[in-house]
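Working notes, beginning with the structure itself.
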Amino acid sequence: MDVVVIIGAGGIGEAIARRQGFGRKLLLADCNATVLEAAAQRLTDAGYQVQTQPVDTTMRQSVEALATRAAALGTVVQVVNTAGASPNMAGPERVLEVDLYGSALVFEVFESVIAPGGAGLIVSSMAGHMLPQLPADQEQALAFTPADKLLALPFLGREFVPDSMVAYCLAKRANALRVRAAALSWGNRGARVNAVSPGIVVTPLARHELASPIGDGYRAMVDASPAGRMAPPEEIALACAWLLGPDAGFVTGTDLLIDGGIIAAMFAGKIRQPG
């Protein structure tokens with residue numbers, strides 16, 4: 001049977017699982033056992049075939065164990081990584097570890113088990129579009145450096161990445177660059193890989209951010225955006241379903257911005273850029 005792997009059992013991960021899990025085995029993974037089992041139970045109660053496995057995307061052995069389990073369950077046709085640490089949750093080193101290294105590690109490991117015709121996807125963030133373009137050598141390094149050497153890049157040192165927001169923006173920029181690079185090697189297997197960069201999505205994580213000291217900044221971004229609203233997780237899952245499905249067969253190595261126009265408003269000077 002076809003297997004869909006969803007890493008991250010939060011609001012967006014569960015919404016994608018509901019879209020992609022029809023008639024397939026779902027392998028749901030998360031580092032938080034409580035979140036993982038609660039999401040799995042809801043999906044099971046709704047009739048999905050669900051298996052679970054704890055995973056720490058910052059540990060190679062853990063990610064490799066997840067890939068091995070997925071391959072043992074059947075044909076791995078899709079893998080979606082929604083795991084991440086927000087700027088309000090962790091310091092810059094941890095943000096880079098989860099959002100940069102962990103994301104690159106998932107791409108590297110699952111490339112070896114994805115089926116021909118399969119698709120990979122990372123749920124990144126509009127934050128990757130907030131910084132000016134990096135120097136060409138830095139972008140190449142972020143795109144092509146082996147995952148286990150990424151965090152040793154000199155320009156990711158504390159003197160250059162002073163806070164969690166800068167770390168987050170850099171990591172999310174790197175996600176799009178890693179997808180572009182991985183499209184070549186995944187293509188050798190007959191598979192595709194892409195990213196989506198959501199804006200502010202109504203999830204428990206977003207509610208935590210909105211209630212934090214940076215919450216007013218989030219609300220100001222929403223108010224200045226053309227859409228003037230946040231998105232439900234299901235709206236992001238719709239876009240992911242297209243990128244993962246056959247109608248997007250000519251799309252690989254790209255990043256789809258789904259932000260209600262927040263980056264457009266930032267480009268127009270209606271929102272102050274971070275950093």
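If you're wondering about the labels, chains in the structure tokens are A, B, ... by order shown, residues count from 1 in each chain, ligands from 1 in order shown.
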*Where does DSSP see alpha helix (DSSP H) in segment 24-136 of chain A, if you list the residues as a VMD selection string?*
chain A and resid 33 to 45 60 to 73 92 to 95 103 to 110 136
*asked:* as a list of chain:residue names, please: the residues near Gly117 of chain A (cut-off 9 Å, only C-alpha atoms, same-chain neighbours under 4 positions excluded).
replied: A:Val77, A:Arg189, A:Gly190, A:Ala191, A:Arg192, A:Pro246, A:Gly249
Each residue of segment 122-215 of chain A with at least one atom at most 9 Å from segment 78-99 of chain A should appear once, together with its nearest atom pair and the corresponding distance in Å (one decimal); atoms considered: only C-alpha atoms; ordering: chain, then increasing residue number; output as a Markdown table.
| residue | atom | partner | partner_atom | distance |
| --- | --- | --- | --- | --- |
| A:Ile122 | CA | A:Asn81 | CA | 4.7 |
| A:Val123 | CA | A:Thr82 | CA | 4.9 |
| A:Ser124 | CA | A:Thr82 | CA | 7.4 |
| A:Leu151 | CA | A:Glu97 | CA | 7.3 |
| A:Leu156 | CA | A:Leu96 | CA | 8.5 |
| A:Gly157 | CA | A:Glu93 | CA | 8.9 |
| A:Arg158 | CA | A:Glu93 | CA | 8.0 |
| A:Val161 | CA | A:Pro92 | CA | 7.1 |
| A:Pro162 | CA | A:Pro92 | CA | 7.4 |
| A:Asp163 | CA | A:Pro92 | CA | 5.4 |
| A:Ser164 | CA | A:Pro92 | CA | 4.1 |
| A:Met165 | CA | A:Pro87 | CA | 5.2 |
| A:Val166 | CA | A:Pro92 | CA | 7.8 |
| A:Ala167 | CA | A:Pro92 | CA | 5.3 |
| A:Tyr168 | CA | A:Val95 | CA | 6.1 |
| A:Leu170 | CA | A:Leu96 | CA | 8.2 |
| A:Ala171 | CA | A:Asp99 | CA | 5.6 |
| A:Lys172 | CA | A:Asp99 | CA | 7.0 |
| A:Ala174 | CA | A:Asp99 | CA | 9.0 |
| A:Asn175 | CA | A:Asp99 | CA | 8.0 |
| A:Leu205 | CA | A:Ser86 | CA | 8.2 |
| A:His208 | CA | A:Asn88 | CA | 8.6 |
| A:Glu209 | CA | A:Asn88 | CA | 6.7 |
| A:Ser212 | CA | A:Asn88 | CA | 7.7 |
| A:Pro213 | CA | A:Asn88 | CA | 8.9 |
| A:Ile214 | CA | A:Asn88 | CA | 8.1 |
*asked:* Nearest residue to Ala71 of chain A out of A:Val109, A:Ser103, A:Ala46, A:Ala39, using only C-alpha atoms?
replied: A:Val109
*Mind giving me the straight-line distance from atom CA of Pro116 of chain A to atom CA of Tyr48 of chain A in Å, one decimal?*
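Those two atoms sit 24.1 Å apart.
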Please extract the residues of segment 101-231 of chain A with a backbone DSSP assignment of strand (DSSP E or B) and present them as a short mmCIF file (atom, residue, chain, number, x, y, z; two decimals) with C-alpha atoms, in the first residue's frame.
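states-v3.cif, written as the output of this step:
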data_model
loop_
_atom_site.label_atom_id
_atom_site.label_comp_id
_atom_site.auth_asym_id
_atom_site.auth_seq_id
_atom_site.Cartn_x
_atom_site.Cartn_y
_atom_site.Cartn_z
CA ALA A 119 6.85 13.90 -3.95
CA GLY A 120 8.39 15.63 -0.97
CA LEU A 121 7.33 18.89 0.59
CA ILE A 122 8.49 21.14 3.40
CA VAL A 123 6.14 23.57 5.08
CA ARG A 192 9.76 15.87 -7.02
CA VAL A 193 10.40 18.12 -4.03
CA ASN A 194 8.98 21.55 -3.23
CA ALA A 195 8.28 23.99 -0.41
CA VAL A 196 5.37 26.12 0.71
CA SER A 197 5.84 29.31 2.71
CA PRO A 198 2.68 30.11 4.67
CA VAL A 201 -2.00 30.37 10.03
CA ALA A 231 -5.53 31.39 7.13
#
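Atom pair atom CA of Asn188 of chain A / atom CA of Tyr101 of chain A has a distance of 22.9 Å (rounded to one decimal).
Proximity to Arg207 of chain A was assessed for A:Met230, A:Cys31, A:Leu243, A:Ala115 counting only C-alpha atoms; the smallest distance is recorded for A:Met230.
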Residues within 9 Å of Leu28 of chain A, please, as an mmCIF file with all heavy atoms, in the first residue's frame. Count only C-alpha atoms; anything in the same chain fewer than 4 positions from it doesn't count.
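Wrote part04.cif, looks like this:
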data_model
loop_
_atom_site.group_PDB
_atom_site.id
_atom_site.type_symbol
_atom_site.label_atom_id
_atom_site.label_comp_id
_atom_site.auth_asym_id
_atom_site.auth_seq_id
_atom_site.Cartn_x
_atom_site.Cartn_y
_atom_site.Cartn_z
ATOM 1 N N VAL A 4 2.106 7.659 3.153
ATOM 2 C CA VAL A 4 2.337 9.096 3.258
ATOM 3 C C VAL A 4 2.919 9.375 4.635
ATOM 4 O O VAL A 4 2.343 8.975 5.652
ATOM 5 C CB VAL A 4 1.033 9.898 3.063
ATOM 6 C CG1 VAL A 4 1.272 11.380 3.349
ATOM 7 C CG2 VAL A 4 0.496 9.709 1.659
ATOM 8 N N VAL A 5 4.058 10.027 4.661
ATOM 9 C CA VAL A 5 4.736 10.354 5.921
ATOM 10 C C VAL A 5 4.501 11.832 6.219
ATOM 11 O O VAL A 5 4.804 12.694 5.389
ATOM 12 C CB VAL A 5 6.246 10.071 5.831
ATOM 13 C CG1 VAL A 5 6.926 10.376 7.168
ATOM 14 C CG2 VAL A 5 6.504 8.627 5.407
ATOM 15 N N ILE A 6 3.981 12.106 7.399
ATOM 16 C CA ILE A 6 3.775 13.482 7.847
ATOM 17 C C ILE A 6 4.612 13.694 9.095
ATOM 18 O O ILE A 6 4.395 13.049 10.129
ATOM 19 C CB ILE A 6 2.293 13.775 8.178
ATOM 20 C CG1 ILE A 6 1.377 13.406 7.001
ATOM 21 C CG2 ILE A 6 2.128 15.244 8.566
ATOM 22 C CD1 ILE A 6 1.521 14.291 5.797
ATOM 23 N N ILE A 7 5.588 14.583 9.014
ATOM 24 C CA ILE A 7 6.439 14.912 10.154
ATOM 25 C C ILE A 7 5.931 16.215 10.755
ATOM 26 O O ILE A 7 5.935 17.262 10.100
ATOM 27 C CB ILE A 7 7.904 15.054 9.721
ATOM 28 C CG1 ILE A 7 8.405 13.747 9.092
ATOM 29 C CG2 ILE A 7 8.779 15.444 10.910
ATOM 30 C CD1 ILE A 7 9.772 13.868 8.457
ATOM 31 N N GLY A 8 5.485 16.133 11.993
ATOM 32 C CA GLY A 8 4.866 17.284 12.649
ATOM 33 C C GLY A 8 3.369 17.097 12.703
ATOM 34 O O GLY A 8 2.700 17.165 11.666
ATOM 35 N N ALA A 9 2.826 16.835 13.899
ATOM 36 C CA ALA A 9 1.407 16.498 14.042
ATOM 37 C C ALA A 9 0.580 17.676 14.531
ATOM 38 O O ALA A 9 -0.506 17.490 15.070
ATOM 39 C CB ALA A 9 1.260 15.319 14.996
ATOM 40 N N GLY A 13 0.120 19.993 9.970
ATOM 41 C CA GLY A 13 0.428 18.604 9.681
ATOM 42 C C GLY A 13 -0.816 17.734 9.666
ATOM 43 O O GLY A 13 -0.996 16.893 8.772
ATOM 44 N N GLU A 14 -1.680 17.923 10.634
ATOM 45 C CA GLU A 14 -2.912 17.126 10.678
ATOM 46 C C GLU A 14 -3.832 17.454 9.506
ATOM 47 O O GLU A 14 -4.453 16.557 8.910
ATOM 48 C CB GLU A 14 -3.643 17.340 12.003
ATOM 49 C CG GLU A 14 -4.859 16.446 12.151
ATOM 50 C CD GLU A 14 -5.552 16.582 13.498
ATOM 51 O OE1 GLU A 14 -4.937 17.091 14.458
ATOM 52 O OE2 GLU A 14 -6.726 16.160 13.587
ATOM 53 N N ALA A 17 -2.473 15.694 6.539
ATOM 54 C CA ALA A 17 -2.741 14.264 6.667
ATOM 55 C C ALA A 17 -4.169 13.939 6.245
ATOM 56 O O ALA A 17 -4.410 12.927 5.564
ATOM 57 C CB ALA A 17 -2.491 13.820 8.107
ATOM 58 N N LEU A 36 1.328 13.988 19.255
ATOM 59 C CA LEU A 36 1.316 12.925 18.261
ATOM 60 C C LEU A 36 0.142 11.975 18.481
ATOM 61 O O LEU A 36 -0.618 11.678 17.544
ATOM 62 C CB LEU A 36 2.635 12.161 18.325
ATOM 63 C CG LEU A 36 2.794 10.957 17.402
ATOM 64 C CD1 LEU A 36 2.648 11.359 15.951
ATOM 65 C CD2 LEU A 36 4.147 10.277 17.646
ATOM 66 N N ALA A 39 -3.382 13.632 17.794
ATOM 67 C CA ALA A 39 -3.684 13.776 16.363
ATOM 68 C C ALA A 39 -3.968 12.418 15.735
ATOM 69 O O ALA A 39 -4.901 12.271 14.920
ATOM 70 C CB ALA A 39 -2.516 14.459 15.659
ATOM 71 N N ALA A 40 -3.176 11.416 16.096
ATOM 72 C CA ALA A 40 -3.380 10.078 15.547
ATOM 73 C C ALA A 40 -4.754 9.528 15.923
ATOM 74 O O ALA A 40 -5.421 8.878 15.105
ATOM 75 C CB ALA A 40 -2.279 9.146 16.035
ATOM 76 N N VAL A 50 -3.620 4.802 10.431
ATOM 77 C CA VAL A 50 -2.560 5.634 11.003
ATOM 78 C C VAL A 50 -1.574 4.794 11.810
ATOM 79 O O VAL A 50 -1.973 3.977 12.644
ATOM 80 C CB VAL A 50 -3.141 6.736 11.917
ATOM 81 C CG1 VAL A 50 -2.035 7.679 12.388
ATOM 82 C CG2 VAL A 50 -4.237 7.509 11.202
ATOM 83 N N GLN A 51 -0.301 5.011 11.541
ATOM 84 C CA GLN A 51 0.788 4.513 12.379
ATOM 85 C C GLN A 51 1.531 5.735 12.927
ATOM 86 O O GLN A 51 1.542 6.789 12.297
ATOM 87 C CB GLN A 51 1.755 3.653 11.563
ATOM 88 C CG GLN A 51 1.129 2.435 10.916
ATOM 89 C CD GLN A 51 0.855 1.337 11.917
ATOM 90 O OE1 GLN A 51 1.639 1.124 12.839
ATOM 91 N NE2 GLN A 51 -0.261 0.629 11.751
ATOM 92 N N THR A 52 2.131 5.600 14.075
ATOM 93 C CA THR A 52 2.863 6.719 14.673
ATOM 94 C C THR A 52 4.293 6.311 14.991
ATOM 95 O O THR A 52 4.591 5.135 15.193
ATOM 96 C CB THR A 52 2.196 7.223 15.965
ATOM 97 O OG1 THR A 52 2.209 6.182 16.942
ATOM 98 C CG2 THR A 52 0.770 7.681 15.701
ATOM 99 N N GLN A 53 5.145 7.323 15.032
ATOM 100 C CA GLN A 53 6.522 7.101 15.477
ATOM 101 C C GLN A 53 7.086 8.422 15.998
ATOM 102 O O GLN A 53 6.976 9.456 15.317
ATOM 103 C CB GLN A 53 7.404 6.584 14.338
ATOM 104 C CG GLN A 53 8.841 6.340 14.779
ATOM 105 C CD GLN A 53 9.511 5.230 14.007
ATOM 106 O OE1 GLN A 53 8.875 4.246 13.639
ATOM 107 N NE2 GLN A 53 10.791 5.368 13.737
ATOM 108 N N PRO A 54 7.677 8.414 17.192
ATOM 109 C CA PRO A 54 8.350 9.631 17.656
ATOM 110 C C PRO A 54 9.559 9.907 16.784
ATOM 111 O O PRO A 54 10.222 8.980 16.291
ATOM 112 C CB PRO A 54 8.747 9.299 19.090
ATOM 113 C CG PRO A 54 8.695 7.816 19.198
ATOM 114 C CD PRO A 54 7.755 7.310 18.165
#
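Counting from atom CA of Ala183 of chain A, the distance to atom CA of Gly199 of chain A is 23.8 Å.
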*Among the residues A:Asp216, A:Glu234, A:Asp223, A:Asp247, the one that comes closest to Thr203 of chain A [using only C-alpha atoms]*: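 Among A:Asp216, A:Glu234, A:Asp223, A:Asp247, it is A:Glu234 that comes nearest to Thr203 of chain A.
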What's around Leu105 of chain A at 6 Å? Count only C-alpha atoms, leave out sequence neighbours fewer than 3 positions away in its own chain, and write the answer as a short mmCIF file (atom, residue, chain, number, x, y, z; two decimals) with all heavy atoms, in the first residue's frame.
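Dumped to result-v1.cif:
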data_model
loop_
_atom_site.label_atom_id
_atom_site.label_comp_id
_atom_site.auth_asym_id
_atom_site.auth_seq_id
_atom_site.Cartn_x
_atom_site.Cartn_y
_atom_site.Cartn_z
N GLY A 102 17.59 20.31 10.66
CA GLY A 102 16.57 19.27 10.65
C GLY A 102 15.87 19.15 9.32
O GLY A 102 15.61 18.04 8.83
N GLU A 108 17.66 14.80 2.88
CA GLU A 108 18.74 13.86 2.57
C GLU A 108 18.33 12.42 2.83
O GLU A 108 18.55 11.53 2.00
CB GLU A 108 19.98 14.19 3.40
CG GLU A 108 20.78 15.36 2.88
CD GLU A 108 22.15 15.48 3.55
OE1 GLU A 108 22.51 14.62 4.37
OE2 GLU A 108 22.84 16.46 3.24
N ALA A 147 24.12 18.17 4.99
CA ALA A 147 23.36 18.56 6.18
C ALA A 147 24.22 18.59 7.44
O ALA A 147 24.14 19.53 8.24
CB ALA A 147 22.17 17.62 6.36
#
